[in-house]
Structure formats: C-alpha cells, structure tokens
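Dumped upload00.cif below, it's mmCIF, C-alpha atoms; chains and numbers go by the auth columns:
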data_upload
loop_
_atom_site.group_PDB
_atom_site.id
_atom_site.type_symbol
_atom_site.label_atom_id
_atom_site.label_comp_id
_atom_site.label_asym_id
_atom_site.label_seq_id
_atom_site.Cartn_x
_atom_site.Cartn_y
_atom_site.Cartn_z
_atom_site.B_iso_or_equiv
_atom_site.auth_seq_id
_atom_site.auth_asym_id
ATOM 1 C CA MET A 1 -8.281 1.750 16.750 0.00 271 A
ATOM 2 C CA LYS A 2 -11.153 3.250 18.726 0.00 272 A
ATOM 3 C CA SER A 3 -14.039 4.826 16.822 0.00 273 A
ATOM 4 C CA SER A 4 -13.138 8.372 17.933 0.00 274 A
ATOM 5 C CA GLU A 5 -9.550 7.854 16.735 0.00 275 A
ATOM 6 C CA SER A 6 -10.825 6.248 13.538 0.00 276 A
ATOM 7 C CA ARG A 7 -13.045 9.224 12.784 0.00 277 A
ATOM 8 C CA GLN A 8 -10.159 11.675 13.266 0.00 278 A
ATOM 9 C CA PHE A 9 -7.868 9.488 11.132 0.00 279 A
ATOM 10 C CA PHE A 10 -10.509 9.382 8.394 0.00 280 A
ATOM 11 C CA ASP A 11 -11.097 13.137 8.498 0.00 281 A
ATOM 12 C CA ASP A 12 -7.351 13.838 8.358 0.00 282 A
ATOM 13 C CA PHE A 13 -6.966 11.431 5.439 0.00 283 A
ATOM 14 C CA VAL A 14 -9.796 13.033 3.458 0.00 284 A
ATOM 15 C CA TYR A 15 -8.417 16.505 4.204 0.00 285 A
ATOM 16 C CA ARG A 16 -4.949 15.469 3.001 0.00 286 A
ATOM 17 C CA LEU A 17 -6.403 13.969 -0.178 0.00 287 A
ATOM 18 C CA GLY A 18 -8.121 17.288 -0.797 0.00 288 A
ATOM 19 C CA GLN A 19 -4.773 19.050 -0.555 0.00 289 A
ATOM 20 C CA LEU A 20 -3.097 16.655 -2.993 0.00 290 A
ATOM 21 C CA TYR A 21 -5.923 16.044 -5.435 0.00 291 A
ATOM 22 C CA ASP A 22 -8.961 17.785 -6.877 0.00 292 A
ATOM 23 C CA PRO A 23 -11.272 18.170 -3.843 0.00 293 A
ATOM 24 C CA LEU A 24 -14.329 18.134 -6.119 0.00 294 A
ATOM 25 C CA LYS A 25 -13.530 14.526 -7.052 0.00 295 A
ATOM 26 C CA ILE A 26 -13.356 13.326 -3.441 0.00 296 A
ATOM 27 C CA GLN A 27 -16.633 12.176 -1.979 0.00 297 A
ATOM 28 C CA THR A 28 -17.404 10.561 1.330 0.00 298 A
ATOM 29 C CA GLY A 29 -20.476 8.965 2.782 0.00 299 A
ATOM 30 C CA GLU A 30 -21.542 8.752 6.397 0.00 300 A
ATOM 31 C CA PHE A 31 -18.577 7.637 8.487 0.00 301 A
ATOM 32 C CA GLY A 32 -19.109 4.192 10.007 0.00 302 A
ATOM 33 C CA ALA A 33 -22.352 3.520 8.139 0.00 303 A
ATOM 34 C CA MET A 34 -23.028 0.229 6.413 0.00 304 A
ATOM 35 C CA MET A 35 -22.706 0.625 2.658 0.00 305 A
ATOM 36 C CA LYS A 36 -23.433 -1.496 -0.365 0.00 306 A
ATOM 37 C CA VAL A 37 -20.705 -0.994 -2.939 0.00 307 A
ATOM 38 C CA ALA A 38 -20.550 -2.156 -6.543 0.00 308 A
ATOM 39 C CA LEU A 39 -17.242 -2.422 -8.360 0.00 309 A
ATOM 40 C CA VAL A 40 -16.339 -2.708 -12.010 0.00 310 A
ATOM 41 C CA ASN A 41 -12.762 -3.895 -12.465 0.00 311 A
ATOM 42 C CA ASP A 42 -11.002 -1.748 -15.037 0.00 312 A
ATOM 43 C CA GLY A 43 -7.368 -2.518 -14.506 0.00 313 A
ATOM 44 C CA PRO A 44 -4.795 -5.217 -14.189 0.00 314 A
ATOM 45 C CA VAL A 45 -5.331 -6.065 -10.526 0.00 315 A
ATOM 46 C CA THR A 46 -7.765 -5.762 -7.637 0.00 316 A
ATOM 47 C CA LEU A 47 -6.571 -6.323 -4.080 0.00 317 A
ATOM 48 C CA GLU A 48 -9.045 -7.147 -1.345 0.00 318 A
ATOM 49 C CA LEU A 49 -7.790 -6.473 2.156 0.00 319 A
ATOM 50 C CA ASP A 50 -9.567 -7.639 5.283 0.00 320 A
ATOM 51 C CA SER A 51 -7.945 -6.087 8.341 0.00 321 A
ATOM 52 C CA ARG A 52 -9.763 -8.543 10.594 0.00 322 A
ATOM 53 C CA LYS A 53 -7.618 -11.331 9.142 0.00 323 A
ATOM 54 C CA PHE A 54 -4.319 -9.438 9.248 0.00 324 A
ATOM 55 C CA SER A 55 -1.500 -10.161 11.617 0.00 325 A
ATOM 56 C CA TYR A 56 2.031 -8.925 11.182 0.00 326 A
ATOM 57 C CA ASP A 57 4.852 -11.267 11.992 0.00 327 A
ATOM 58 C CA LYS A 58 8.286 -9.751 11.538 0.00 328 A
ATOM 59 C CA PRO A 59 10.037 -11.706 8.769 0.00 329 A
ATOM 60 C CA SER A 60 13.061 -13.750 9.746 0.00 330 A
ATOM 61 C CA GLN A 61 16.502 -13.150 8.257 0.00 331 A
ATOM 62 C CA GLN A 62 15.977 -16.315 6.220 0.00 332 A
ATOM 63 C CA GLN A 63 12.708 -14.958 4.802 0.00 333 A
ATOM 64 C CA ASN A 64 14.373 -11.615 4.017 0.00 334 A
ATOM 65 C CA ALA A 65 17.201 -13.404 2.206 0.00 335 A
ATOM 66 C CA ALA A 66 14.723 -15.515 0.213 0.00 336 A
ATOM 67 C CA ALA A 67 12.771 -12.381 -0.756 0.00 337 A
ATOM 68 C CA ALA A 68 15.979 -10.619 -1.848 0.00 338 A
ATOM 69 C CA LYS A 69 16.913 -13.643 -3.993 0.00 339 A
ATOM 70 C CA ALA A 70 13.453 -13.649 -5.585 0.00 340 A
ATOM 71 C CA VAL A 71 13.717 -9.926 -6.397 0.00 341 A
ATOM 72 C CA ALA A 72 17.189 -10.382 -7.907 0.00 342 A
ATOM 73 C CA LYS A 73 15.976 -13.331 -9.980 0.00 343 A
ATOM 74 C CA GLU A 74 13.018 -11.312 -11.289 0.00 344 A
ATOM 75 C CA GLN A 75 15.306 -8.382 -12.120 0.00 345 A
ATOM 76 C CA ARG A 76 17.576 -10.692 -14.101 0.00 346 A
ATOM 77 C CA ARG A 77 14.563 -12.159 -15.866 0.00 347 A
ATOM 78 C CA GLN A 78 13.401 -8.686 -16.848 0.00 348 A
ATOM 79 C CA GLY A 79 16.876 -7.748 -18.076 0.00 349 A
ATOM 80 C CA PHE A 80 17.947 -5.257 -15.427 0.00 350 A
ATOM 81 C CA SER A 81 21.573 -4.347 -16.002 0.00 351 A
ATOM 82 C CA GLN A 82 24.372 -4.977 -13.528 0.00 352 A
ATOM 83 C CA LYS A 83 24.855 -1.204 -13.414 0.00 353 A
ATOM 84 C CA THR A 84 21.302 -0.786 -12.050 0.00 354 A
ATOM 85 C CA ASN A 85 22.006 -3.405 -9.385 0.00 355 A
ATOM 86 C CA ASP A 86 25.234 -1.637 -8.411 0.00 356 A
ATOM 87 C CA VAL A 87 23.348 1.645 -7.973 0.00 357 A
ATOM 88 C CA ASP A 88 20.787 -0.126 -5.776 0.00 358 A
ATOM 89 C CA LYS A 89 23.576 -1.614 -3.634 0.00 359 A
ATOM 90 C CA ALA A 90 25.202 1.808 -3.283 0.00 360 A
ATOM 91 C CA ASP A 91 21.894 3.257 -2.066 0.00 361 A
ATOM 92 C CA GLN A 92 21.779 0.641 0.682 0.00 362 A
ATOM 93 C CA ILE A 93 25.187 1.586 2.114 0.00 363 A
#
Here is the file; what I need is its structure written in the form of structure tokens.
Amino acid sequence: MKSSESRQFFDDFVYRLGQLYDPLKIQTGEFGAMMKVALVNDGPVTLELDSRKFSYDKPSQQQNAAAAKAVAKEQRRQGFSQKTNDVDKADQI
C-alpha cells in the first residue's frame, strides 16, 4: 500500500474506532514516525505479526479438510454436543 493510501486507511480506521469506542481513550502518534514501544503482557496470549514476512497461499482442499477434522476433534474434546454440530452444518447449507 502506498503511503498516501496508508495514511487515509489509518485515518479512516481511527475515525471508525472513535465511532465505536470512547474517543477519549484513542490516542495516536505521528503517522509513519519511528516509535519505541514498551509492552507489558497482561493476558493469555500476545501475537506478533510482521507483514513483511506474510504471504497468502490459498489453502488446498486437502488442507481445508484437515483443518475441518482438527476443529471437529477439538469440539469433541471440549464436549460440544451433536446438536451444536448439526446447527453448524445447517448454517453451512
């Protein structure tokens, strides 16, 4: 994304956050500036994303099937009822 597009995307995002959340709690710095950030983890998970390393390859049907099996297995492990699974299948039709 070009810097002019990035700036507009950022501004739109911040504006939308202000509509959905308390605008007084939303703060921004100087767009595109280098920043030093400190973080204190206070939750179960922290995800670090580096868009420079990201590439999207459309999953194959085999990968989709394997993912669906893994989800079903996890649902069984967590005790999801068959009724819940039937509702999910109905939603997919």
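Take CA of Gln278 in chain A and CA of Ile296 in chain A: the distance between them is 17.1 Å.
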- Item | Point-to-point distance from CA of Met271 in chain A to CA of Tyr291 in chain A, Å rounded to tenths | 26.5 Å
- Message: Evaluated on this file, the PyMOL selection byres ((chain A and resi 299-314) around 12) picks out some residues - which ones are they, written as number ranges by chain?
- Response: A: 272-274, 276-281, 284, 296-298, 315-318
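For the pair CA of Gln348 in chain A and CA of Ala336 in chain A, the interatomic distance is 18.4 Å.
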Incomplete range 279-314 of chain A brought to N, CA and C atoms, written out as a PDB file, in the frame of the given file:
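Produced file selection_7.pdb, reproduced below:
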ATOM      1  N   PHE A 279      -8.769  10.001  12.164  1.00  0.00           N
ATOM      2  CA  PHE A 279      -7.868   9.488  11.132  1.00  0.00           C
ATOM      3  C   PHE A 279      -8.503   9.645   9.754  1.00  0.00           C
ATOM      4  N   PHE A 280      -9.773   9.264   9.646  1.00  0.00           N
ATOM      5  CA  PHE A 280     -10.509   9.382   8.394  1.00  0.00           C
ATOM      6  C   PHE A 280     -10.591  10.836   7.940  1.00  0.00           C
ATOM      7  N   ASP A 281     -10.977  11.716   8.841  1.00  0.00           N
ATOM      8  CA  ASP A 281     -11.097  13.137   8.498  1.00  0.00           C
ATOM      9  C   ASP A 281      -9.756  13.716   8.048  1.00  0.00           C
ATOM     10  N   ASP A 282      -8.683  13.365   8.743  1.00  0.00           N
ATOM     11  CA  ASP A 282      -7.351  13.838   8.358  1.00  0.00           C
ATOM     12  C   ASP A 282      -6.960  13.310   6.982  1.00  0.00           C
ATOM     13  N   PHE A 283      -7.277  12.047   6.728  1.00  0.00           N
ATOM     14  CA  PHE A 283      -6.966  11.431   5.439  1.00  0.00           C
ATOM     15  C   PHE A 283      -7.705  12.138   4.304  1.00  0.00           C
ATOM     16  N   VAL A 284      -8.996  12.365   4.486  1.00  0.00           N
ATOM     17  CA  VAL A 284      -9.796  13.033   3.458  1.00  0.00           C
ATOM     18  C   VAL A 284      -9.293  14.463   3.238  1.00  0.00           C
ATOM     19  N   TYR A 285      -8.953  15.150   4.313  1.00  0.00           N
ATOM     20  CA  TYR A 285      -8.417  16.505   4.204  1.00  0.00           C
ATOM     21  C   TYR A 285      -7.121  16.513   3.395  1.00  0.00           C
ATOM     22  N   ARG A 286      -6.238  15.561   3.713  1.00  0.00           N
ATOM     23  CA  ARG A 286      -4.949  15.469   3.001  1.00  0.00           C
ATOM     24  C   ARG A 286      -5.151  15.147   1.525  1.00  0.00           C
ATOM     25  N   LEU A 287      -6.087  14.259   1.223  1.00  0.00           N
ATOM     26  CA  LEU A 287      -6.403  13.969  -0.178  1.00  0.00           C
ATOM     27  C   LEU A 287      -6.843  15.237  -0.898  1.00  0.00           C
ATOM     28  N   GLY A 288      -7.658  16.035  -0.211  1.00  0.00           N
ATOM     29  CA  GLY A 288      -8.121  17.288  -0.797  1.00  0.00           C
ATOM     30  C   GLY A 288      -6.994  18.254  -1.094  1.00  0.00           C
ATOM     31  N   GLN A 289      -5.932  18.191  -0.308  1.00  0.00           N
ATOM     32  CA  GLN A 289      -4.773  19.050  -0.555  1.00  0.00           C
ATOM     33  C   GLN A 289      -3.958  18.561  -1.753  1.00  0.00           C
ATOM     34  N   LEU A 290      -3.941  17.246  -1.958  1.00  0.00           N
ATOM     35  CA  LEU A 290      -3.097  16.655  -2.993  1.00  0.00           C
ATOM     36  C   LEU A 290      -3.821  16.401  -4.310  1.00  0.00           C
ATOM     37  N   TYR A 291      -5.132  16.445  -4.281  1.00  0.00           N
ATOM     38  CA  TYR A 291      -5.923  16.044  -5.435  1.00  0.00           C
ATOM     39  C   TYR A 291      -7.069  17.027  -5.592  1.00  0.00           C
ATOM     40  N   ASP A 292      -7.811  16.912  -6.643  1.00  0.00           N
ATOM     41  CA  ASP A 292      -8.961  17.785  -6.877  1.00  0.00           C
ATOM     42  C   ASP A 292     -10.049  17.501  -5.841  1.00  0.00           C
ATOM     43  N   PRO A 293     -10.301  18.418  -4.907  1.00  0.00           N
ATOM     44  CA  PRO A 293     -11.272  18.170  -3.843  1.00  0.00           C
ATOM     45  C   PRO A 293     -12.683  17.891  -4.363  1.00  0.00           C
ATOM     46  N   LEU A 294     -12.997  18.374  -5.560  1.00  0.00           N
ATOM     47  CA  LEU A 294     -14.329  18.134  -6.119  1.00  0.00           C
ATOM     48  C   LEU A 294     -14.531  16.670  -6.516  1.00  0.00           C
ATOM     49  N   LYS A 295     -13.434  15.935  -6.666  1.00  0.00           N
ATOM     50  CA  LYS A 295     -13.530  14.526  -7.052  1.00  0.00           C
ATOM     51  C   LYS A 295     -13.489  13.589  -5.848  1.00  0.00           C
ATOM     52  N   ILE A 296     -13.409  14.138  -4.661  1.00  0.00           N
ATOM     53  CA  ILE A 296     -13.356  13.326  -3.441  1.00  0.00           C
ATOM     54  C   ILE A 296     -14.714  13.393  -2.767  1.00  0.00           C
ATOM     55  N   GLN A 297     -15.324  12.237  -2.605  1.00  0.00           N
ATOM     56  CA  GLN A 297     -16.633  12.176  -1.979  1.00  0.00           C
ATOM     57  C   GLN A 297     -16.589  11.184  -0.832  1.00  0.00           C
ATOM     58  N   THR A 298     -17.320  11.478   0.204  1.00  0.00           N
ATOM     59  CA  THR A 298     -17.404  10.561   1.330  1.00  0.00           C
ATOM     60  C   THR A 298     -18.871  10.344   1.666  1.00  0.00           C
ATOM     61  N   GLY A 299     -19.125   9.242   2.299  1.00  0.00           N
ATOM     62  CA  GLY A 299     -20.476   8.965   2.782  1.00  0.00           C
ATOM     63  C   GLY A 299     -20.542   9.264   4.266  1.00  0.00           C
ATOM     64  N   GLU A 300     -21.421   8.590   4.960  1.00  0.00           N
ATOM     65  CA  GLU A 300     -21.542   8.752   6.397  1.00  0.00           C
ATOM     66  C   GLU A 300     -20.522   7.832   7.061  1.00  0.00           C
ATOM     67  N   PHE A 301     -19.640   8.417   7.865  1.00  0.00           N
ATOM     68  CA  PHE A 301     -18.577   7.637   8.487  1.00  0.00           C
ATOM     69  C   PHE A 301     -19.168   6.545   9.375  1.00  0.00           C
ATOM     70  N   GLY A 302     -18.695   5.319   9.184  1.00  0.00           N
ATOM     71  CA  GLY A 302     -19.109   4.192  10.007  1.00  0.00           C
ATOM     72  C   GLY A 302     -20.422   3.556   9.603  1.00  0.00           C
ATOM     73  N   ALA A 303     -21.069   4.077   8.569  1.00  0.00           N
ATOM     74  CA  ALA A 303     -22.352   3.520   8.139  1.00  0.00           C
ATOM     75  C   ALA A 303     -22.117   2.272   7.288  1.00  0.00           C
ATOM     76  N   MET A 304     -23.084   1.388   7.300  1.00  0.00           N
ATOM     77  CA  MET A 304     -23.028   0.229   6.413  1.00  0.00           C
ATOM     78  C   MET A 304     -23.302   0.712   4.996  1.00  0.00           C
ATOM     79  N   MET A 305     -22.542   0.194   4.044  1.00  0.00           N
ATOM     80  CA  MET A 305     -22.706   0.625   2.658  1.00  0.00           C
ATOM     81  C   MET A 305     -22.713  -0.590   1.749  1.00  0.00           C
ATOM     82  N   LYS A 306     -23.479  -0.504   0.695  1.00  0.00           N
ATOM     83  CA  LYS A 306     -23.433  -1.496  -0.365  1.00  0.00           C
ATOM     84  C   LYS A 306     -22.641  -0.860  -1.496  1.00  0.00           C
ATOM     85  N   VAL A 307     -21.599  -1.545  -1.940  1.00  0.00           N
ATOM     86  CA  VAL A 307     -20.705  -0.994  -2.939  1.00  0.00           C
ATOM     87  C   VAL A 307     -20.648  -1.929  -4.133  1.00  0.00           C
ATOM     88  N   ALA A 308     -20.712  -1.379  -5.317  1.00  0.00           N
ATOM     89  CA  ALA A 308     -20.550  -2.156  -6.543  1.00  0.00           C
ATOM     90  C   ALA A 308     -19.221  -1.741  -7.178  1.00  0.00           C
ATOM     91  N   LEU A 309     -18.557  -2.681  -7.787  1.00  0.00           N
ATOM     92  CA  LEU A 309     -17.242  -2.422  -8.360  1.00  0.00           C
ATOM     93  C   LEU A 309     -17.163  -3.009  -9.753  1.00  0.00           C
ATOM     94  N   VAL A 310     -16.637  -2.219 -10.663  1.00  0.00           N
ATOM     95  CA  VAL A 310     -16.339  -2.708 -12.010  1.00  0.00           C
ATOM     96  C   VAL A 310     -14.827  -2.669 -12.149  1.00  0.00           C
ATOM     97  N   ASN A 311     -14.211  -3.828 -12.317  1.00  0.00           N
ATOM     98  CA  ASN A 311     -12.762  -3.895 -12.465  1.00  0.00           C
ATOM     99  C   ASN A 311     -12.370  -3.325 -13.818  1.00  0.00           C
ATOM    100  N   ASP A 312     -11.494  -2.337 -13.802  1.00  0.00           N
ATOM    101  CA  ASP A 312     -11.002  -1.748 -15.037  1.00  0.00           C
ATOM    102  C   ASP A 312      -9.503  -1.534 -14.889  1.00  0.00           C
ATOM    103  N   GLY A 313      -8.805  -2.622 -14.684  1.00  0.00           N
ATOM    104  CA  GLY A 313      -7.368  -2.518 -14.506  1.00  0.00           C
ATOM    105  C   GLY A 313      -6.765  -3.889 -14.358  1.00  0.00           C
ATOM    106  N   PRO A 314      -5.476  -3.923 -14.203  1.00  0.00           N
ATOM    107  CA  PRO A 314      -4.795  -5.217 -14.189  1.00  0.00           C
ATOM    108  C   PRO A 314      -4.973  -6.008 -12.898  1.00  0.00           C
TER     109      PRO A 314
END
